[in-house]
Amino acid sequence: MRKLVWLAAVAFAVLGIAAAQAQDTPRRGGTIRMTAPYAASFGSLDPHATPRAQDDIVGKALQRSLYNWDTANNKPVLELAKSVSVSEDGLTYTYKLRDDAYFHNGRKMTADDIIWSYTRIMDGTKGFPGARYVRIIKGAVDVEKGQAKEISGLKKIDDFTLQMTLTERVEPGYYFFAGTTAILPKEEVEKGNYAANPVGLGPFKFKEHIPGSRVVAERWDKFYKPGMPYADKLEVLIMAEAAARDVAFRNKEIDTSILGPAQYVAYRADPQLSKGILEVAEMFTRAMQFNPTYKPFADKRVRQAINYAIDTDLIIKRLVKDKAYRAVSWLPPSSAAFDKTMKPYPFDPAKAKKLLADAGYPNGFEFELSTSQNESWGLPIVEAIIPYLDKVGIKLKPKLVEVTVLTEIAMKGEHQAFIGSNLTGPDSLATLRCYYSKTPRTACNYTSFNNPEFDKLLDAAGEEADMAKRNDLLRQANNLLYEEAPVWFFNYNKAVLAYQPWIHGLQANPTEITHQYPENIWVDATSPAK
Amino acid sequence: MSQSTPASATADIAVKRRFRLKGGLSLWIGGALVGLALVVAIAAPLIALTDPVMSANLMNAELPPSLEFPFGTDAQGRDIYSRIVYGSRISLTVGVVSQIVNSLIGVSLGLSAGYWGGLWDDLVSGLTNLMLAIPSLIFALAIMAILGPGLVSLVIALGLTNWSYSCRLARAQVLSLKSQGYVQAARILGYGDLRIMFTQLLPNMLGPLIVIATLGMGSAILAEAALSFLGLGIRPPFPSWGSMLSEARDQITTVPWLSVFPGLAIFFTVLGLNLLGDGLRDIFDPQATTRRT
Amino acid sequence: MLPVLARRVANIIPTLAAVVALVFLLFSVLPGSFVSAMNEDGRSNIDPAVMERMRKEMGLDDPVTTRFAKYVTRIAVGDLGTSFRTREPVTKLIAARIWPSLKLVFAAMCFAIIVGVPLGFLAALRPGSTIDTAAMVGAISGLSLSQFWLGLMLMYLFALQLKWLPSFGYGDGGLRHLILPAVALGVGPMALLARTTRAAVLDVLNADFVRTARSKGMTETRVVEWHVLRNALVLVITTIGLQFGSLMGAAVVVEKLFAWPGVGSLLVDSVFQRDIPTVQGCILLIVTFFLVINTLIDLAYVSIDPRIRYG
């Protein structure tokens, strides 16, 4: 009897493993149908020419950069190199490159391609967006200014060994995982029609682009990761209209769809749809930024009072429908310098009133807030704030503008306050530099923040080679920022991607959830797509 | 380009003259619908249950219709019924003011062009053709982008882009009336040009102009909704039907009352305006009455 | 016929020139610029130093007069400029959108004509009947609907509920993907056409020469067939022309909703991203389309009704 039970147990275990394997073994073939939700068209398929998040959705399939973002470990990892060694001073990196990476035209990638690509990005006459990253390499700025032909900090040792010297002690992975620093084949770019026929190193090979509708790509058989990509075909369908995307997703015409707050609620409530929801805390911090040249906002107590006066948690719960995490500082939770013990400003109108009175505004004051129409960090939020501030005597007048204009307003500094979303990662040091006193308003110090103590912490962090110690300094700086309240800290975005049950291998990428490395994605046989 | 082409001249008549639905009935139904909207707009503070903006209370967000909230509440927890009631003021303002602007521009250009003729007429005709050729929605979109979203911008945008119909009508009417006896008589009596235009010519074309304006109001209300959809509408928190409908489009199936009520308000108001315009046409166009079988 | 054509074409040119000037003027005072719009989605990331350089490179800081002079000289040789966004010639961008746009506009117009004209005709033959009332109530309702709402309803009904048609996109460019956006776009013109047709037919039926024809003993059918048809046609074709011509511009909402890759969606996208050369190119194309269609209609007009002469 005992033996029988034992046998049965083994049998069940074996069956169980087999079943699990059937579930977990990626199936080869099929079509992935992703959506590009941020605009009604792609800007350019030349990855160097466009900084847009929308375009990089396709870029992740067709192109490769020196590093990838590793979602599992939340940091950049080597992609086009097998190993790297760092010099004593932390400035010189020697990369052992892959010798099995082929461009879609069949040519093998070498160190020359990386050097050529980075040099192209630094072409000062083109103003390529990736220049901001490549500038970290020694001598890159000289190329940009036209004073040199070659980047002196890039040296080819042999075909598959590259030496890179940096100007500062930073982690180059944060710089060279960006889609705008992809490695392109010189001969294809020089043909002159690259954006119409992009040739890259990515897992999928370009097939077709119908402007305003979609990009189609096919499996690249010589991709360097064994067995990958799994799918035969990848379609990126442009769908900027959320209401239409909802219909298409429910109608099983697309495999992934990014969700706004209203749809997030509906999908979570649906027994079927709720099974396919991927969530991640993205590196975007939403905040109302005060301009200290408007007198009341020069006083820290006024800024704190606003943080006390608004029931931020309720707004996130009810209006943003929990599609966000309460902000407890500037850096997002995915940052290594994030302080998990931080407590948010409690909702305390009485305290807000007292702070306002102490600051000399017992009867409040009036200010104009520039805002966009965005549902998560625009007008609906402002509408909800109005009554809260009204209760402590502050009259808020919303001024609705397009996002385009919002950026310009923030840079010119003619506003009293504006509310927006800010990229706050992945490099925490670079992110906090937005509050460094020497950073100009046009370069993201929108609150003209000037705090000697904060500057000191940031300087020390920049000098520090030890990552743990550096993060500790950054954490202090970040917490100081929360206390100083140059902004109303609202939330960190929770990005939500709905996916169909037949899609597997999606990555919860905190730098941008729509940026999927598609070689990891596979489609099981239940997909209706051919 | 000195003469209006046969196609466009007939178009005025074809498109704007002969719609009718059993004459009187459409006038009454249309009048009743528009009258209701007007009454609601005027009496808004009396019949609204709460303030449309400051009543926000997140604890009440997205409640279905009930006795307390007859049309339910929106994402901010505001009473949709009250917002629709106040929204009638905004939608009707958009319709009426933009049509007044249209008529003023169209009539003054059309009257003067038809009366004086010559180079001025050529210029106005050219401008009218230009306005007809540029799609008004795109023109309005550009103006909204320049002025920034808001009620005033919207009225300006819609007021500047749709005057070509009234302009053509005024011009055509002047051309046909100019030679008639009473105008000639006024001229012999020594009346000034402006006096003739405004006392002799204008009253004779008021009827058709009102018809155009009535139909135009409906289009303006729909245009407001379209601009909201494209992201350049009226500035909330003030409730406009178009922006309410546009904001609710993500939740048409999940939270239907957000879109149903503003949608119905737009539909019935525009329907009313269209019916009223048809009915008025039958009254003001004597030919249509005699010819009716 | 030929001199008429020449006259009409000559008439197009000053209008187009005025459009060029007007559009340039409008968009030169637009707040925000392409450079600041790069951050428009709140997710993209762009360096201020690069922004500064791009402003210079694109001539955004030049005085308006300089930019206008440059623009006009380029347009004169058929060069619409380079798109800020894609760094490609605007002509190339627009060329890719013309075919889908034309398809949508033609399909919508076909729908409007096939449904609208017979409906109006039937209604006019039996004025006051149930058919008449139903047709006209339908037509006025069609004119009173918000286009994006109608489009969404079509999607829900025919894609999600009935599963007959795909809900969005261009697909392989075939009919299945075309139907829903074409109907959403065609309902307005359809309603207008039904009403115009009805009015035109009624007018003609009661005109003196039809009565004369009847009194001459022509059968009712012959009367309807010949005189009525030809005379009503003039009015109907005029309406078709005006509707047809403005449809490409009116398609922006439908194209955005259905993710249809036409000129309208390119235009709206470019307005929001402040890609001004593309915006100007799109508007020029839309206006040209309107003028060409109306010229053709005028010509058709002359050939249908020989009584019309150009002065």
# chains A, B, ... in the order shown; residues from 1 in each chain; ligands from 1

call {"tool": "closest_atom_pairs", "arguments": {"of": "chain B", "to": "chain A", "cutoff": "8 Å", "atoms": "only C-alpha atoms", "output": "Markdown table"}}
result
| residue | atom | partner | partner_atom | distance |
| --- | --- | --- | --- | --- |
| B:Met54 | CA | A:Pro387 | CA | 6.4 |
| B:Ala56 | CA | A:Ala384 | CA | 6.9 |
| B:Leu58 | CA | A:Arg318 | CA | 6.1 |
| B:Met59 | CA | A:Arg318 | CA | 7.5 |
| B:Ala61 | CA | A:Arg318 | CA | 7.0 |
| B:Ala75 | CA | A:Leu319 | CA | 6.3 |
| B:Gln76 | CA | A:Ala384 | CA | 6.6 |
| B:Gly148 | CA | A:Val401 | CA | 6.1 |
| B:Pro149 | CA | A:Leu400 | CA | 6.5 |
| B:Gly150 | CA | A:Leu400 | CA | 7.9 |
| B:Gly231 | CA | A:Gln373 | CA | 7.7 |
| B:Arg235 | CA | A:Leu400 | CA | 6.3 |
| B:Pro236 | CA | A:Leu379 | CA | 7.6 |
| B:Pro237 | CA | A:Glu383 | CA | 6.3 |
| B:Arg249 | CA | A:Ala243 | CA | 6.0 |
| B:Asp250 | CA | A:Ala243 | CA | 4.5 |
| B:Gln251 | CA | A:Ala262 | CA | 6.8 |
| B:Thr254 | CA | A:Ala266 | CA | 6.4 |

call {"tool": "write_last_selection", "arguments": {"atoms": "C-alpha atoms", "output": "CSV table (one decimal), in the first residue's frame"}}
result
chain,number,residue,atom,x,y,z
B,54,MET,CA,-16.7,73.1,-6.3
B,56,ALA,CA,-16.0,67.8,-6.2
B,58,LEU,CA,-13.6,62.1,-4.3
B,59,MET,CA,-15.6,60.0,-1.8
B,61,ALA,CA,-16.6,59.3,-7.4
B,75,ALA,CA,-14.6,60.8,-11.6
B,76,GLN,CA,-14.3,63.8,-9.4
B,148,GLY,CA,-4.6,78.0,-26.1
B,149,PRO,CA,-7.6,75.9,-25.0
B,150,GLY,CA,-10.5,77.9,-23.5
B,231,GLY,CA,-7.3,67.6,-27.3
B,235,ARG,CA,-10.8,74.6,-20.5
B,236,PRO,CA,-12.3,72.6,-17.6
B,237,PRO,CA,-13.2,72.6,-14.8
B,249,ARG,CA,-14.9,57.9,-24.1
B,250,ASP,CA,-12.6,55.5,-22.4
B,251,GLN,CA,-15.4,54.3,-20.1
B,254,THR,CA,-17.7,50.4,-18.0

call {"tool": "closest_atom_pairs", "arguments": {"of": "stretch 156-228 of chain B", "to": "stretch 133-146 of chain C", "cutoff": "9 Å", "atoms": "only C-alpha atoms", "output": "CSV"}}
result
residue,atom,partner,partner_atom,distance
B:Gly218,CA,C:Ser144,CA,7.3
B:Ser219,CA,C:Ser144,CA,8.1
B:Leu222,CA,C:Ser146,CA,5.8
B:Ala223,CA,C:Ser146,CA,8.4
B:Ala225,CA,C:Ser146,CA,6.9
B:Ala226,CA,C:Ser146,CA,7.2

call {"tool": "residues_around", "arguments": {"residues": "C:Phe106", "least_positions_apart": "4", "cutoff": "9 Å", "atoms": "only C-alpha atoms", "output": "VMD selection string"}}
result
chain C and resid 101 to 102 110 to 111 182 244

call {"tool": "atom_distance", "arguments": {"atom1": "atom CA of A:Glu414", "atom2": "atom CA of A:Pro292"}}
result
10.9 Å

call {"tool": "closest_residue", "arguments": {"among": "B:Tyr165, B:Phe267, B:Trp120, B:Phe261", "to": "chain C", "atoms": "only C-alpha atoms"}}
result
B:Phe267

call {"tool": "select_by_dssp", "arguments": {"residues": "stretch 185-304 of chain A", "states": "strand (DSSP E)", "output": "PyMOL selection string"}}
result
chain A and resi 204-210+214-219+233-238+256-258+277-290

call {"tool": "atom_distance", "arguments": {"atom1": "atom CA of A:Asp311", "atom2": "atom CA of A:Glu484"}}
result
19.0 Å

call {"tool": "interface_residues", "arguments": {"of": "chain A", "to": "chain C", "cutoff": "6 Å", "atoms": "only C-alpha atoms", "output": "PyMOL selection string"}}
result
chain A and resi 40+43-44+51-53+127+212-213+239+241+248+251+403-405+407+421+443

call {"tool": "write_last_selection", "arguments": {"atoms": "N, CA and C atoms", "output": "PDB file, in the first residue's frame"}}
result
ATOM      1  N   ALA A  40       0.378  59.206 -33.064  1.00  0.00           N
ATOM      2  CA  ALA A  40      -0.309  58.599 -34.195  1.00  0.00           C
ATOM      3  C   ALA A  40       0.650  58.199 -35.316  1.00  0.00           C
ATOM      4  N   GLY A  43       8.265  58.669 -35.302  1.00  0.00           N
ATOM      5  CA  GLY A  43       9.067  59.796 -35.753  1.00  0.00           C
ATOM      6  C   GLY A  43      10.029  59.325 -36.816  1.00  0.00           C
ATOM      7  N   SER A  44      10.973  58.475 -36.399  1.00  0.00           N
ATOM      8  CA  SER A  44      11.957  57.983 -37.348  1.00  0.00           C
ATOM      9  C   SER A  44      12.340  56.571 -36.943  1.00  0.00           C
ATOM     10  N   PRO A  51      14.502  60.817 -30.001  1.00  0.00           N
ATOM     11  CA  PRO A  51      14.533  60.507 -28.575  1.00  0.00           C
ATOM     12  C   PRO A  51      13.183  60.021 -28.057  1.00  0.00           C
ATOM     13  N   ARG A  52      12.253  59.761 -28.968  1.00  0.00           N
ATOM     14  CA  ARG A  52      10.893  59.498 -28.507  1.00  0.00           C
ATOM     15  C   ARG A  52      10.706  58.076 -27.994  1.00  0.00           C
ATOM     16  N   ALA A  53       9.993  57.974 -26.880  1.00  0.00           N
ATOM     17  CA  ALA A  53       9.708  56.669 -26.294  1.00  0.00           C
ATOM     18  C   ALA A  53       8.962  55.800 -27.306  1.00  0.00           C
ATOM     19  N   GLY A 127      22.885  67.305 -34.259  1.00  0.00           N
ATOM     20  CA  GLY A 127      22.163  67.424 -33.001  1.00  0.00           C
ATOM     21  C   GLY A 127      21.427  66.156 -32.625  1.00  0.00           C
ATOM     22  N   GLY A 212       2.107  55.703 -40.050  1.00  0.00           N
ATOM     23  CA  GLY A 212       0.820  55.986 -39.441  1.00  0.00           C
ATOM     24  C   GLY A 212       0.034  54.747 -39.104  1.00  0.00           C
ATOM     25  N   SER A 213       0.538  53.581 -39.452  1.00  0.00           N
ATOM     26  CA  SER A 213      -0.211  52.368 -39.178  1.00  0.00           C
ATOM     27  C   SER A 213       0.609  51.317 -38.424  1.00  0.00           C
ATOM     28  N   MET A 239      -1.483  52.878 -32.138  1.00  0.00           N
ATOM     29  CA  MET A 239      -2.854  53.086 -31.640  1.00  0.00           C
ATOM     30  C   MET A 239      -2.816  54.095 -30.524  1.00  0.00           C
ATOM     31  N   GLU A 241      -5.246  56.171 -29.653  1.00  0.00           N
ATOM     32  CA  GLU A 241      -6.541  56.452 -29.047  1.00  0.00           C
ATOM     33  C   GLU A 241      -6.919  55.336 -28.069  1.00  0.00           C
ATOM     34  N   ALA A 248     -10.054  47.112 -29.426  1.00  0.00           N
ATOM     35  CA  ALA A 248      -9.195  46.194 -30.182  1.00  0.00           C
ATOM     36  C   ALA A 248      -8.635  45.106 -29.273  1.00  0.00           C
ATOM     37  N   ASN A 251     -11.241  42.685 -28.401  1.00  0.00           N
ATOM     38  CA  ASN A 251     -11.592  41.955 -29.617  1.00  0.00           C
ATOM     39  C   ASN A 251     -10.445  41.052 -30.066  1.00  0.00           C
ATOM     40  N   VAL A 403       1.093  69.941 -23.675  1.00  0.00           N
ATOM     41  CA  VAL A 403       2.328  69.501 -23.012  1.00  0.00           C
ATOM     42  C   VAL A 403       3.543  70.199 -23.616  1.00  0.00           C
ATOM     43  N   THR A 404       3.483  70.360 -24.944  1.00  0.00           N
ATOM     44  CA  THR A 404       4.559  71.050 -25.655  1.00  0.00           C
ATOM     45  C   THR A 404       4.842  72.407 -25.039  1.00  0.00           C
ATOM     46  N   VAL A 405       3.765  73.126 -24.787  1.00  0.00           N
ATOM     47  CA  VAL A 405       3.900  74.480 -24.270  1.00  0.00           C
ATOM     48  C   VAL A 405       4.347  74.427 -22.813  1.00  0.00           C
ATOM     49  N   THR A 407       6.456  72.428 -21.362  1.00  0.00           N
ATOM     50  CA  THR A 407       7.914  72.346 -21.266  1.00  0.00           C
ATOM     51  C   THR A 407       8.534  73.727 -21.454  1.00  0.00           C
ATOM     52  N   SER A 421       5.051  65.482 -15.365  1.00  0.00           N
ATOM     53  CA  SER A 421       5.682  64.191 -15.105  1.00  0.00           C
ATOM     54  C   SER A 421       7.160  64.313 -15.450  1.00  0.00           C
ATOM     55  N   ALA A 443      17.982  73.425 -18.016  1.00  0.00           N
ATOM     56  CA  ALA A 443      18.444  72.044 -17.971  1.00  0.00           C
ATOM     57  C   ALA A 443      17.796  71.307 -16.807  1.00  0.00           C
TER      58      ALA A 443
END

call {"tool": "closest_residue", "arguments": {"among": "C:Val64, C:Leu235, C:Ile276, C:Leu119", "to": "chain B", "atoms": "only C-alpha atoms"}}
result
C:Leu235

call {"tool": "closest_residue", "arguments": {"among": "A:Val199, A:Phe418, A:Pro486, A:Lys351", "to": "A:Trp330", "atoms": "only C-alpha atoms"}}
result
A:Pro486

call {"tool": "residues_around", "arguments": {"residues": "C:Gly81", "least_positions_apart": "2", "cutoff": "6 Å", "atoms": "only C-alpha atoms", "output": "number ranges by chain"}}
result
C: 79, 89-90

call {"tool": "select_by_dssp", "arguments": {"residues": "stretch 146-223 of chain B", "states": "alpha helix (DSSP H)", "output": "JSON, numbers by chain"}}
result
{"B": [146, 147, 151, 152, 153, 154, 155, 156, 157, 158, 159, 160, 161, 164, 165, 166, 167, 168, 169, 170, 171, 172, 173, 174, 175, 176, 177, 181, 182, 183, 184, 185, 186, 187, 188, 193, 194, 195, 202, 203, 204, 205, 206, 207, 208, 209, 210, 211, 212, 213, 214, 215, 216, 217, 218, 219, 220, 221, 222, 223]}

call {"tool": "residues_around", "arguments": {"residues": "stretch 464-480 of chain A", "least_positions_apart": "4", "cutoff": "10 Å", "atoms": "only C-alpha atoms", "output": "PDB file with N, CA and C atoms, in the first residue's frame"}}
result
ATOM      1  N   ASP A  89      41.454  53.771 -11.735  1.00  0.00           N
ATOM      2  CA  ASP A  89      40.831  55.081 -11.484  1.00  0.00           C
ATOM      3  C   ASP A  89      39.339  55.090 -11.826  1.00  0.00           C
ATOM      4  N   GLY A  90      38.828  53.983 -12.302  1.00  0.00           N
ATOM      5  CA  GLY A  90      37.394  53.893 -12.588  1.00  0.00           C
ATOM      6  C   GLY A  90      36.984  54.650 -13.828  1.00  0.00           C
ATOM      7  N   ARG A 169      33.551  59.620 -13.271  1.00  0.00           N
ATOM      8  CA  ARG A 169      33.375  58.288 -12.720  1.00  0.00           C
ATOM      9  C   ARG A 169      31.871  57.976 -12.657  1.00  0.00           C
ATOM     10  N   VAL A 170      31.365  57.358 -13.698  1.00  0.00           N
ATOM     11  CA  VAL A 170      29.928  57.003 -13.714  1.00  0.00           C
ATOM     12  C   VAL A 170      29.809  55.569 -14.195  1.00  0.00           C
ATOM     13  N   GLU A 171      28.646  54.995 -14.036  1.00  0.00           N
ATOM     14  CA  GLU A 171      28.383  53.654 -14.541  1.00  0.00           C
ATOM     15  C   GLU A 171      27.949  53.808 -16.011  1.00  0.00           C
ATOM     16  N   VAL A 328       7.290  59.774  -2.031  1.00  0.00           N
ATOM     17  CA  VAL A 328       7.810  60.161  -0.721  1.00  0.00           C
ATOM     18  C   VAL A 328       9.168  60.837  -0.889  1.00  0.00           C
ATOM     19  N   SER A 329       9.492  61.225  -2.131  1.00  0.00           N
ATOM     20  CA  SER A 329      10.709  61.968  -2.415  1.00  0.00           C
ATOM     21  C   SER A 329      10.785  62.077  -3.927  1.00  0.00           C
ATOM     22  N   TRP A 330      11.916  62.550  -4.420  1.00  0.00           N
ATOM     23  CA  TRP A 330      12.026  62.738  -5.868  1.00  0.00           C
ATOM     24  C   TRP A 330      12.379  61.426  -6.568  1.00  0.00           C
ATOM     25  N   LEU A 331      13.317  60.661  -5.987  1.00  0.00           N
ATOM     26  CA  LEU A 331      13.742  59.414  -6.640  1.00  0.00           C
ATOM     27  C   LEU A 331      12.680  58.333  -6.488  1.00  0.00           C
ATOM     28  N   SER A 335      14.948  53.149  -7.657  1.00  0.00           N
ATOM     29  CA  SER A 335      16.304  53.672  -7.517  1.00  0.00           C
ATOM     30  C   SER A 335      16.991  53.036  -6.312  1.00  0.00           C
ATOM     31  N   ALA A 336      18.295  52.765  -6.448  1.00  0.00           N
ATOM     32  CA  ALA A 336      19.048  52.163  -5.346  1.00  0.00           C
ATOM     33  C   ALA A 336      19.157  53.139  -4.179  1.00  0.00           C
ATOM     34  N   ALA A 337      18.994  54.427  -4.459  1.00  0.00           N
ATOM     35  CA  ALA A 337      19.130  55.422  -3.404  1.00  0.00           C
ATOM     36  C   ALA A 337      17.786  55.747  -2.744  1.00  0.00           C
ATOM     37  N   PHE A 338      16.745  55.003  -3.085  1.00  0.00           N
ATOM     38  CA  PHE A 338      15.424  55.247  -2.518  1.00  0.00           C
ATOM     39  C   PHE A 338      15.404  54.809  -1.059  1.00  0.00           C
ATOM     40  N   ASP A 339      14.794  55.637  -0.225  1.00  0.00           N
ATOM     41  CA  ASP A 339      14.736  55.317   1.204  1.00  0.00           C
ATOM     42  C   ASP A 339      13.372  54.704   1.530  1.00  0.00           C
ATOM     43  N   MET A 342      11.047  56.170   4.348  1.00  0.00           N
ATOM     44  CA  MET A 342      10.491  57.532   4.318  1.00  0.00           C
ATOM     45  C   MET A 342       8.986  57.530   4.552  1.00  0.00           C
ATOM     46  N   SER A 428      20.479  57.762 -10.682  1.00  0.00           N
ATOM     47  CA  SER A 428      19.999  58.620  -9.597  1.00  0.00           C
ATOM     48  C   SER A 428      20.813  59.896  -9.482  1.00  0.00           C
ATOM     49  N   LEU A 429      22.128  59.805  -9.716  1.00  0.00           N
ATOM     50  CA  LEU A 429      22.967  60.996  -9.586  1.00  0.00           C
ATOM     51  C   LEU A 429      22.548  62.042 -10.624  1.00  0.00           C
ATOM     52  N   LEU A 432      19.170  63.625  -9.651  1.00  0.00           N
ATOM     53  CA  LEU A 432      19.187  64.620  -8.572  1.00  0.00           C
ATOM     54  C   LEU A 432      19.910  65.893  -8.988  1.00  0.00           C
ATOM     55  N   TYR A 435      18.423  69.379  -9.185  1.00  0.00           N
ATOM     56  CA  TYR A 435      18.237  70.305  -8.066  1.00  0.00           C
ATOM     57  C   TYR A 435      19.564  70.898  -7.610  1.00  0.00           C
ATOM     58  N   ASN A 451      20.438  75.033  -2.636  1.00  0.00           N
ATOM     59  CA  ASN A 451      20.602  74.656  -1.243  1.00  0.00           C
ATOM     60  C   ASN A 451      22.030  74.141  -1.064  1.00  0.00           C
ATOM     61  N   GLU A 453      23.651  72.762   1.271  1.00  0.00           N
ATOM     62  CA  GLU A 453      23.799  71.449   1.886  1.00  0.00           C
ATOM     63  C   GLU A 453      23.566  70.340   0.856  1.00  0.00           C
ATOM     64  N   PHE A 454      22.535  70.572   0.023  1.00  0.00           N
ATOM     65  CA  PHE A 454      22.208  69.611  -1.037  1.00  0.00           C
ATOM     66  C   PHE A 454      23.365  69.521  -2.032  1.00  0.00           C
ATOM     67  N   ASP A 455      23.923  70.679  -2.405  1.00  0.00           N
ATOM     68  CA  ASP A 455      25.049  70.704  -3.338  1.00  0.00           C
ATOM     69  C   ASP A 455      26.224  69.900  -2.792  1.00  0.00           C
ATOM     70  N   LYS A 456      26.476  70.079  -1.484  1.00  0.00           N
ATOM     71  CA  LYS A 456      27.610  69.397  -0.866  1.00  0.00           C
ATOM     72  C   LYS A 456      27.435  67.885  -0.953  1.00  0.00           C
ATOM     73  N   LEU A 457      26.250  67.420  -0.629  1.00  0.00           N
ATOM     74  CA  LEU A 457      25.966  65.985  -0.674  1.00  0.00           C
ATOM     75  C   LEU A 457      26.167  65.445  -2.099  1.00  0.00           C
ATOM     76  N   LEU A 458      25.712  66.220  -3.076  1.00  0.00           N
ATOM     77  CA  LEU A 458      25.791  65.760  -4.466  1.00  0.00           C
ATOM     78  C   LEU A 458      27.244  65.732  -4.946  1.00  0.00           C
ATOM     79  N   ASP A 459      28.009  66.769  -4.537  1.00  0.00           N
ATOM     80  CA  ASP A 459      29.426  66.800  -4.892  1.00  0.00           C
ATOM     81  C   ASP A 459      30.124  65.564  -4.331  1.00  0.00           C
ATOM     82  N   ALA A 460      29.846  65.290  -3.061  1.00  0.00           N
ATOM     83  CA  ALA A 460      30.486  64.147  -2.413  1.00  0.00           C
ATOM     84  C   ALA A 460      30.111  62.853  -3.127  1.00  0.00           C
ATOM     85  N   GLU A 484      12.611  69.934   2.056  1.00  0.00           N
ATOM     86  CA  GLU A 484      12.601  71.289   1.494  1.00  0.00           C
ATOM     87  C   GLU A 484      11.361  71.555   0.639  1.00  0.00           C
ATOM     88  N   ALA A 485      10.767  70.502   0.141  1.00  0.00           N
ATOM     89  CA  ALA A 485       9.521  70.586  -0.630  1.00  0.00           C
ATOM     90  C   ALA A 485       9.545  71.625  -1.749  1.00  0.00           C
TER      91      ALA A 485
END

call {"tool": "residues_around", "arguments": {"residues": "B:Met205", "least_positions_apart": "5", "cutoff": "12 Å", "atoms": "only C-alpha atoms", "output": "ChimeraX atom specification"}}
result
/B:103,107,110-111,166-177,197-200,210-212,281,284-285

call {"tool": "residues_around", "arguments": {"residues": "stretch 501-506 of chain A", "least_positions_apart": "3", "cutoff": "10 Å", "atoms": "only C-alpha atoms", "output": "ChimeraX atom specification"}}
result
/A:23-24,26-27,31-33,255-256,272-273,275-278,497-498,509,513-528

call {"tool": "closest_residue", "arguments": {"among": "B:Thr128, B:Ser55, B:Ser164, B:Ser112", "to": "chain C", "atoms": "only C-alpha atoms"}}
result
B:Thr128
